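Dumped run_12.cif below, it's mmCIF, C-alpha atoms and all ligand atoms:
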data_final
loop_
_atom_site.group_PDB
_atom_site.id
_atom_site.type_symbol
_atom_site.label_atom_id
_atom_site.label_comp_id
_atom_site.auth_asym_id
_atom_site.auth_seq_id
_atom_site.Cartn_x
_atom_site.Cartn_y
_atom_site.Cartn_z
ATOM 1 C CA MET A 96 0.000 0.000 0.000
ATOM 2 C CA LEU A 97 1.265 3.516 -0.814
ATOM 3 C CA LYS A 98 2.350 5.511 2.216
ATOM 4 C CA GLU A 99 0.137 8.557 2.675
ATOM 5 C CA LYS A 100 1.898 11.845 1.968
ATOM 6 C CA PHE A 101 1.970 14.422 4.736
ATOM 7 C CA MET A 102 3.206 17.975 4.303
ATOM 8 C CA LEU A 103 3.824 18.353 8.011
ATOM 9 C CA GLU A 104 4.451 15.610 10.556
ATOM 10 C CA ILE A 105 4.889 16.559 14.175
ATOM 11 C CA ASN A 106 5.670 13.748 16.571
ATOM 12 C CA ASN A 107 5.729 13.934 20.367
ATOM 13 C CA ILE A 108 7.011 17.492 20.639
ATOM 14 C CA LYS A 109 7.862 18.691 24.126
ATOM 15 C CA LYS A 110 9.051 22.204 24.911
ATOM 16 C CA TYR A 111 10.077 23.599 28.280
ATOM 17 C CA TYR A 112 10.774 27.236 29.165
ATOM 18 C CA GLY A 113 12.934 26.618 32.250
ATOM 19 C CA SER A 114 10.849 24.223 34.321
ATOM 20 C CA PHE A 115 7.564 25.334 32.692
ATOM 21 C CA LEU A 116 6.208 22.763 30.237
ATOM 22 C CA ALA A 117 4.832 24.860 27.346
ATOM 23 C CA LEU A 118 4.083 21.963 24.975
ATOM 24 C CA ASN A 119 3.476 18.387 26.035
ATOM 25 C CA ASN A 120 3.579 15.508 23.539
ATOM 26 C CA ILE A 121 2.188 17.370 20.569
ATOM 27 C CA CYS A 122 1.447 15.198 17.539
ATOM 28 C CA LEU A 123 -0.171 16.406 14.354
ATOM 29 C CA LYS A 124 -0.165 15.706 10.642
ATOM 30 C CA LEU A 125 -1.198 17.869 7.717
ATOM 31 C CA LYS A 126 -2.078 16.702 4.230
ATOM 32 C CA PRO A 127 -2.051 18.733 1.016
ATOM 33 C CA ASN A 128 -5.262 20.692 0.378
ATOM 34 C CA GLN A 129 -6.147 20.675 4.055
ATOM 35 C CA LEU A 130 -6.920 23.558 6.386
ATOM 36 C CA VAL A 131 -6.117 22.733 9.973
ATOM 37 C CA VAL A 132 -7.148 25.252 12.598
ATOM 38 C CA LEU A 133 -5.243 25.188 15.860
ATOM 39 C CA LEU A 134 -7.714 26.632 18.299
ATOM 40 C CA GLY A 135 -6.610 27.639 21.757
ATOM 41 C CA PRO A 136 -6.903 30.406 24.329
ATOM 42 C CA ASN A 137 -4.075 32.870 24.910
ATOM 43 C CA GLY A 138 -1.093 31.131 26.418
ATOM 44 C CA ALA A 139 -2.081 27.702 25.054
ATOM 45 C CA GLY A 140 1.248 27.325 23.229
ATOM 46 C CA LYS A 141 0.226 28.137 19.653
ATOM 47 C CA SER A 142 3.064 30.572 18.925
ATOM 48 C CA THR A 143 5.562 28.282 20.638
ATOM 49 C CA LEU A 144 4.543 25.509 18.263
ATOM 50 C CA PHE A 145 4.924 27.937 15.331
ATOM 51 C CA SER A 146 8.413 28.851 16.474
ATOM 52 C CA ILE A 147 9.319 25.173 16.501
ATOM 53 C CA ILE A 148 7.851 24.514 13.037
ATOM 54 C CA THR A 149 9.708 27.513 11.615
ATOM 55 C CA GLY A 150 12.970 26.466 13.267
ATOM 56 C CA LEU A 151 13.219 29.557 15.490
ATOM 57 C CA VAL A 152 13.022 27.477 18.643
ATOM 58 C CA ARG A 153 14.293 23.935 19.264
ATOM 59 C CA ALA A 154 11.933 21.433 20.809
ATOM 60 C CA ASP A 155 13.332 19.543 23.806
ATOM 61 C CA SER A 156 12.187 16.280 22.293
ATOM 62 C CA GLY A 157 10.176 14.973 19.377
ATOM 63 C CA SER A 158 10.438 15.785 15.696
ATOM 64 C CA CYS A 159 8.993 18.160 13.136
ATOM 65 C CA VAL A 160 9.243 17.150 9.475
ATOM 66 C CA ILE A 161 8.120 19.415 6.631
ATOM 67 C CA ASN A 162 7.630 17.708 3.280
ATOM 68 C CA GLY A 163 10.227 15.104 4.251
ATOM 69 C CA ASN A 164 12.753 17.595 5.716
ATOM 70 C CA ASN A 165 13.452 17.651 9.419
ATOM 71 C CA ILE A 166 13.412 21.291 10.550
ATOM 72 C CA ALA A 167 16.234 20.657 13.026
ATOM 73 C CA SER A 168 18.679 18.953 10.646
ATOM 74 C CA GLN A 169 17.470 19.944 7.146
ATOM 75 C CA SER A 170 16.229 23.457 7.801
ATOM 76 C CA ILE A 171 16.915 24.900 4.333
ATOM 77 C CA GLY A 172 14.903 22.169 2.616
ATOM 78 C CA ALA A 173 12.174 22.476 5.221
ATOM 79 C CA LEU A 174 11.872 26.272 5.016
ATOM 80 C CA LYS A 175 11.678 26.216 1.209
ATOM 81 C CA ASN A 176 8.334 24.521 1.605
ATOM 82 C CA LEU A 177 6.975 27.008 4.117
ATOM 83 C CA GLY A 178 5.147 30.287 3.759
ATOM 84 C CA VAL A 179 4.749 32.073 7.069
ATOM 85 C CA VAL A 180 2.636 34.918 8.380
ATOM 86 C CA PHE A 181 3.697 35.580 11.961
ATOM 87 C CA GLN A 182 1.441 36.791 14.755
ATOM 88 C CA GLN A 183 3.227 40.141 14.869
ATOM 89 C CA PRO A 184 3.416 41.961 11.522
ATOM 90 C CA THR A 185 6.900 41.703 10.008
ATOM 91 C CA ILE A 186 6.541 44.135 7.159
ATOM 92 C CA ASP A 187 8.613 47.297 6.746
ATOM 93 C CA LEU A 188 6.336 50.298 7.180
ATOM 94 C CA GLU A 189 8.692 52.738 5.461
ATOM 95 C CA LEU A 190 9.075 50.687 2.273
ATOM 96 C CA THR A 191 6.424 50.621 -0.412
ATOM 97 C CA VAL A 192 4.313 47.526 -1.016
ATOM 98 C CA LYS A 193 6.348 46.733 -4.115
ATOM 99 C CA GLU A 194 9.688 47.238 -2.349
ATOM 100 C CA ASN A 195 8.651 44.932 0.483
ATOM 101 C CA LEU A 196 7.588 42.210 -1.935
ATOM 102 C CA LEU A 197 10.615 42.495 -4.215
ATOM 103 C CA PHE A 198 13.035 42.535 -1.301
ATOM 104 C CA HIS A 199 11.549 39.299 -0.017
ATOM 105 C CA ALA A 200 11.706 37.791 -3.510
ATOM 106 C CA ARG A 201 15.425 38.628 -3.699
ATOM 107 C CA LEU A 202 16.011 37.113 -0.263
ATOM 108 C CA HIS A 203 14.557 33.883 -1.594
ATOM 109 C CA GLY A 204 16.760 34.086 -4.683
ATOM 110 C CA LEU A 205 13.717 34.420 -6.937
ATOM 111 C CA ARG A 206 13.971 35.958 -10.405
ATOM 112 C CA VAL A 207 12.613 39.426 -9.823
ATOM 113 C CA ALA A 208 11.855 40.138 -13.501
ATOM 114 C CA SER A 209 9.362 37.289 -13.734
ATOM 115 C CA LEU A 210 7.863 38.169 -10.372
ATOM 116 C CA LYS A 211 6.891 41.719 -11.217
ATOM 117 C CA LYS A 212 3.905 40.461 -13.253
ATOM 118 C CA ILE A 213 2.902 37.997 -10.541
ATOM 119 C CA ILE A 214 3.026 40.733 -7.916
ATOM 120 C CA GLU A 215 0.848 43.006 -10.047
ATOM 121 C CA LYS A 216 -1.640 40.194 -10.610
ATOM 122 C CA GLU A 217 -1.812 39.311 -6.916
ATOM 123 C CA LEU A 218 -2.245 42.936 -5.870
ATOM 124 C CA ASN A 219 -5.001 43.288 -8.458
ATOM 125 C CA GLU A 220 -6.833 40.224 -7.225
ATOM 126 C CA ASN A 221 -6.686 41.607 -3.698
ATOM 127 C CA GLY A 222 -7.918 45.056 -4.655
ATOM 128 C CA LEU A 223 -4.520 46.556 -3.835
ATOM 129 C CA GLU A 224 -3.407 47.636 -7.318
ATOM 130 C CA LYS A 225 -3.471 51.315 -6.380
ATOM 131 C CA LYS A 226 -1.295 50.685 -3.342
ATOM 132 C CA ILE A 227 1.686 49.192 -5.150
ATOM 133 C CA ASN A 228 3.870 52.298 -4.775
ATOM 134 C CA LYS A 229 2.463 53.409 -1.437
ATOM 135 C CA LYS A 230 4.398 53.052 1.799
ATOM 136 C CA VAL A 231 2.991 50.233 3.913
ATOM 137 C CA ARG A 232 2.489 52.767 6.730
ATOM 138 C CA THR A 233 -0.438 54.231 4.740
ATOM 139 C CA LEU A 234 -2.278 50.891 4.420
ATOM 140 C CA SER A 235 -5.009 49.603 6.740
ATOM 141 C CA GLY A 236 -4.401 46.583 8.980
ATOM 142 C CA GLY A 237 -6.351 44.311 6.643
ATOM 143 C CA GLU A 238 -4.389 45.536 3.609
ATOM 144 C CA ARG A 239 -1.070 44.994 5.386
ATOM 145 C CA ARG A 240 -2.036 41.423 6.240
ATOM 146 C CA LYS A 241 -2.957 40.796 2.603
ATOM 147 C CA VAL A 242 0.463 42.058 1.530
ATOM 148 C CA GLU A 243 2.075 39.742 4.079
ATOM 149 C CA LEU A 244 0.033 36.869 2.711
ATOM 150 C CA ILE A 245 1.045 37.653 -0.887
ATOM 151 C CA ARG A 246 4.662 37.878 0.255
ATOM 152 C CA SER A 247 4.500 34.536 2.077
ATOM 153 C CA LEU A 248 3.402 32.795 -1.120
ATOM 154 C CA LEU A 249 5.869 34.332 -3.614
ATOM 155 C CA HIS A 250 8.243 31.365 -3.439
ATOM 156 C CA GLU A 251 5.309 28.984 -3.995
ATOM 157 C CA PRO A 252 5.494 27.052 -0.742
ATOM 158 C CA LYS A 253 3.507 23.865 -0.272
ATOM 159 C CA MET A 254 2.464 24.822 3.184
ATOM 160 C CA LEU A 255 1.233 28.043 4.740
ATOM 161 C CA LEU A 256 1.451 28.877 8.428
ATOM 162 C CA MET A 257 -0.601 31.737 9.819
ATOM 163 C CA ASP A 258 -0.367 32.604 13.496
ATOM 164 C CA GLU A 259 -3.481 34.494 14.659
ATOM 165 C CA PRO A 260 -3.577 36.369 11.354
ATOM 166 C CA THR A 261 -6.872 38.128 12.063
ATOM 167 C CA VAL A 262 -5.928 39.807 15.345
ATOM 168 C CA GLY A 263 -6.744 43.487 15.096
ATOM 169 C CA LEU A 264 -8.737 43.149 11.871
ATOM 170 C CA ASP A 265 -12.338 44.303 11.508
ATOM 171 C CA PRO A 266 -14.982 41.592 10.882
ATOM 172 C CA ARG A 267 -15.068 42.272 7.137
ATOM 173 C CA SER A 268 -11.293 41.930 6.684
ATOM 174 C CA ARG A 269 -11.357 38.849 8.896
ATOM 175 C CA ALA A 270 -13.994 37.144 6.743
ATOM 176 C CA ASP A 271 -12.131 38.243 3.577
ATOM 177 C CA LEU A 272 -8.872 36.716 4.733
ATOM 178 C CA LEU A 273 -10.464 33.421 5.691
ATOM 179 C CA LYS A 274 -12.256 33.208 2.328
ATOM 180 C CA LYS A 275 -9.031 33.967 0.519
ATOM 181 C CA ILE A 276 -7.245 31.161 2.387
ATOM 182 C CA LEU A 277 -9.977 28.666 1.562
ATOM 183 C CA ASN A 278 -9.651 29.580 -2.143
ATOM 184 C CA LEU A 279 -5.870 29.341 -2.058
ATOM 185 C CA LYS A 280 -5.981 25.994 -0.331
ATOM 186 C CA SER A 281 -7.912 24.416 -3.184
ATOM 187 C CA SER A 282 -6.388 26.338 -6.096
ATOM 188 C CA LYS A 283 -2.773 25.759 -5.015
ATOM 189 C CA ASN A 284 -3.267 22.456 -3.184
ATOM 190 C CA LEU A 285 -1.811 24.131 -0.102
ATOM 191 C CA SER A 286 -1.681 22.730 3.410
ATOM 192 C CA VAL A 287 -2.648 25.494 5.791
ATOM 193 C CA LEU A 288 -2.113 25.660 9.534
ATOM 194 C CA TRP A 289 -4.022 28.594 11.011
ATOM 195 C CA THR A 290 -4.008 29.416 14.697
ATOM 196 C CA THR A 291 -6.684 31.393 16.441
ATOM 197 C CA HIS A 292 -8.469 31.871 19.736
ATOM 198 C CA LEU A 293 -11.679 32.712 17.844
ATOM 199 C CA VAL A 294 -13.951 29.702 17.512
ATOM 200 C CA ASP A 295 -15.836 30.965 14.442
ATOM 201 C CA GLU A 296 -12.608 30.859 12.405
ATOM 202 C CA ALA A 297 -12.560 27.080 12.873
ATOM 203 C CA GLU A 298 -16.011 26.550 11.341
ATOM 204 C CA LYS A 299 -14.671 25.820 7.842
ATOM 205 C CA ALA A 300 -11.574 23.876 8.841
ATOM 206 C CA ASP A 301 -11.019 20.353 7.533
ATOM 207 C CA LYS A 302 -9.573 19.514 10.928
ATOM 208 C CA ILE A 303 -9.702 21.313 14.263
ATOM 209 C CA ILE A 304 -7.105 20.871 16.969
ATOM 210 C CA ILE A 305 -7.950 22.250 20.380
ATOM 211 C CA LEU A 306 -4.855 23.177 22.351
ATOM 212 C CA ASP A 307 -4.967 24.215 25.983
ATOM 213 C CA LYS A 308 -2.118 24.669 28.470
ATOM 214 C CA GLY A 309 0.315 23.017 26.078
ATOM 215 C CA GLU A 310 -1.769 19.898 25.464
ATOM 216 C CA ILE A 311 -3.985 18.769 22.633
ATOM 217 C CA ILE A 312 -7.342 18.105 24.235
ATOM 218 C CA ALA A 313 -9.335 17.311 21.095
ATOM 219 C CA ILE A 314 -8.658 16.720 17.439
ATOM 220 C CA GLY A 315 -11.094 16.029 14.611
ATOM 221 C CA SER A 316 -13.497 17.478 12.066
ATOM 222 C CA LYS A 317 -16.112 19.946 13.280
ATOM 223 C CA LYS A 318 -18.620 17.091 13.300
ATOM 224 C CA GLU A 319 -16.330 14.931 15.405
ATOM 225 C CA ILE A 320 -15.598 17.741 17.882
ATOM 226 C CA LEU A 321 -19.334 18.425 18.276
ATOM 227 C CA SER A 322 -20.028 14.777 18.903
ATOM 228 C CA MET A 323 -17.136 14.467 21.397
ATOM 229 C CA ALA A 324 -18.593 17.357 23.398
ATOM 230 C CA LYS A 325 -22.234 16.343 22.791
ATOM 231 C CA GLU A 326 -23.006 19.892 21.675
ATOM 232 C CA ASN A 327 -24.409 21.383 18.481
ATOM 233 C CA LYS A 328 -22.408 24.622 18.413
ATOM 234 C CA LEU A 329 -18.651 24.776 18.106
ATOM 235 C CA ALA A 330 -18.323 27.632 20.617
ATOM 236 C CA LYS A 331 -20.105 25.579 23.289
ATOM 237 C CA ALA A 332 -18.159 22.439 22.403
ATOM 238 C CA PHE A 333 -14.871 24.330 22.700
ATOM 239 C CA LEU A 334 -15.722 25.717 26.154
ATOM 240 C CA LYS A 335 -16.972 22.352 27.373
ATOM 241 C CA LEU A 336 -13.896 20.451 26.198
ATOM 242 C CA VAL A 337 -11.527 23.037 27.691
ATOM 243 C CA GLU A 338 -13.422 23.059 31.014
ATOM 244 C CA GLU A 339 -13.737 19.279 31.235
ATOM 245 C CA LYS A 340 -10.049 18.669 30.724
HETATM 246 P P1 LIG A 401 -0.173 31.358 22.525
HETATM 247 O O1 LIG A 401 0.503 31.701 21.261
HETATM 248 O O2 LIG A 401 -1.108 30.200 22.425
HETATM 249 O O3 LIG A 401 -0.852 32.538 23.170
HETATM 250 P P2 LIG A 401 2.540 31.049 23.545
HETATM 251 O O4 LIG A 401 3.151 29.942 22.781
HETATM 252 O O5 LIG A 401 2.907 32.433 23.193
HETATM 253 O O6 LIG A 401 0.947 30.863 23.568
HETATM 254 O O7 LIG A 401 2.871 30.835 25.074
HETATM 255 C C1 LIG A 401 2.626 29.590 25.750
HETATM 256 C C2 LIG A 401 3.091 29.709 27.197
HETATM 257 O O8 LIG A 401 4.521 29.760 27.229
HETATM 258 C C3 LIG A 401 2.603 30.933 27.928
HETATM 259 O O9 LIG A 401 2.348 30.590 29.271
HETATM 260 C C4 LIG A 401 3.755 31.900 27.833
HETATM 261 O O10 LIG A 401 3.777 32.793 28.912
HETATM 262 C C5 LIG A 401 4.957 30.971 27.848
HETATM 263 N N1 LIG A 401 6.101 31.487 27.069
HETATM 264 C C6 LIG A 401 6.092 31.790 25.751
HETATM 265 N N2 LIG A 401 7.296 32.196 25.344
HETATM 266 C C7 LIG A 401 8.104 32.148 26.431
HETATM 267 C C8 LIG A 401 9.487 32.433 26.664
HETATM 268 N N3 LIG A 401 10.279 32.848 25.680
HETATM 269 N N4 LIG A 401 9.955 32.258 27.912
HETATM 270 C C9 LIG A 401 9.158 31.826 28.931
HETATM 271 N N5 LIG A 401 7.846 31.521 28.768
HETATM 272 C C10 LIG A 401 7.331 31.691 27.547
HETATM 273 MG MG MG A 402 0.436 33.423 20.066
#

Transcribe the structure of this file into structure tokens.
Amino acid sequence: MLKEKFMLEINNIKKYYGSFLALNNICLKLKPNQLVVLLGPNGAGKSTLFSIITGLVRADSGSCVINGNNIASQSIGALKNLGVVFQQPTIDLELTVKENLLFHARLHGLRVASLKKIIEKELNENGLEKKINKKVRTLSGGERRKVELIRSLLHEPKMLLMDEPTVGLDPRSRADLLKKILNLKSSKNLSVLWTTHLVDEAEKADKIIILDKGEIIAIGSKKEILSMAKENKLAKAFLKLVEEK
């Protein structure tokens, strides 16, 4: 039988900060064309897990493999496959949209000439065509996040990580971003890992992982989570599972 292909395989990750156990035995797998929402309250360990997946922080034990590359020992191969939007914006406010995007393209060793058209097309599709030569400082929060998303996909990664990408966005921009991700997932066969503390953002996920105090307390489709909690609304199921732990 053919072995199933996973874009991300996390096995038994543990992470301590001093004597504080921030992540305990985390296991998760992501397939292509799958949106996994990591749902957890503040302090659950979502960003810590992101730092491990992106190689910024070493786990104390366990492994993290991205498209066959171990992030600890084959980080260049692993990072090539990753597009990342961090929790805190990492975009230069004093550069224009175009400068930010082209700088990132150069960092990745991409051919800038061929990218100029792609950048124009992406900005167009996101309603940002008039902003191309504007400093990022003049853009709204939602527009900045869209630019970060476009930037994260320039090198055509197979997997996209977004850490609480909707924090600070108004409801309209939030819904827009989620819709955009769902489209991208199918059109580019992307694996997406999206973290949030907002239950409604998990409604359309293929798989939901509930993380609390460094532990996975539930994992499954929305239907499975509802049935685990014996509830008919995700918000209630989330609260019940977190309280019952
Ligand atoms: P989340 O992203 O889910 O809000 P974090 O991963 O940021 O959670 O944090 C998980 C826990 O680890 C929190 O209790 C936080 O205070 C702690 N923590 C995070 N980073 C550090 C650090 N560098 N040193 C010590 N404790 C940390
Ligand atoms: Mg966080």

Quiz prompt | Residues in the PyMOL selection byres (((not hetatm)) within 7 of (chain A and resi 401)), expressed as a PyMOL selection string | solution = chain A and resi 112+117+135-144+309

Quiz item: With all atoms listed in the file as the atoms that count, which of A:Ile213, A:Val231, A:Val192, A:Leu134 lies nearest to Asp295 in chain A?
Solution: A:Leu134

Practice problem: Quick one: apply the PyMOL selection byres (((chain A and resi 258-264) around 8) and not hetatm) to the file and drop the selected residues here as number ranges by chain. | Solution: A: 141-142, 145, 180-182, 236-237, 240, 256-257, 265-269, 272, 289-292

Quiz prompt | Who sits within 9 Å of Val131 in chain A, all atoms listed in the file, same chain under 3 positions skipped, as a ChimeraX atom specification | solution = /A:125,286-290,297,300-304

Practice problem: Compare A:Ala200, A:Ile161, A:Val294, A:Ile186 by their minimum atom-to-atom distance to Phe101 in chain A, counting all atoms listed in the file, and give me the closest one. | Solution: A:Ile161

Quiz item: Which residue gives the smallest distance to ligand MG 402 (chain A) among A:Ala324, A:Leu133, A:Ile171, A:Ile314, with all atoms listed in the file counted?
Solution: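 Between A:Ala324, A:Leu133, A:Ile171, A:Ile314, the residue approaching ligand MG 402 (chain A) most closely is A:Leu133.
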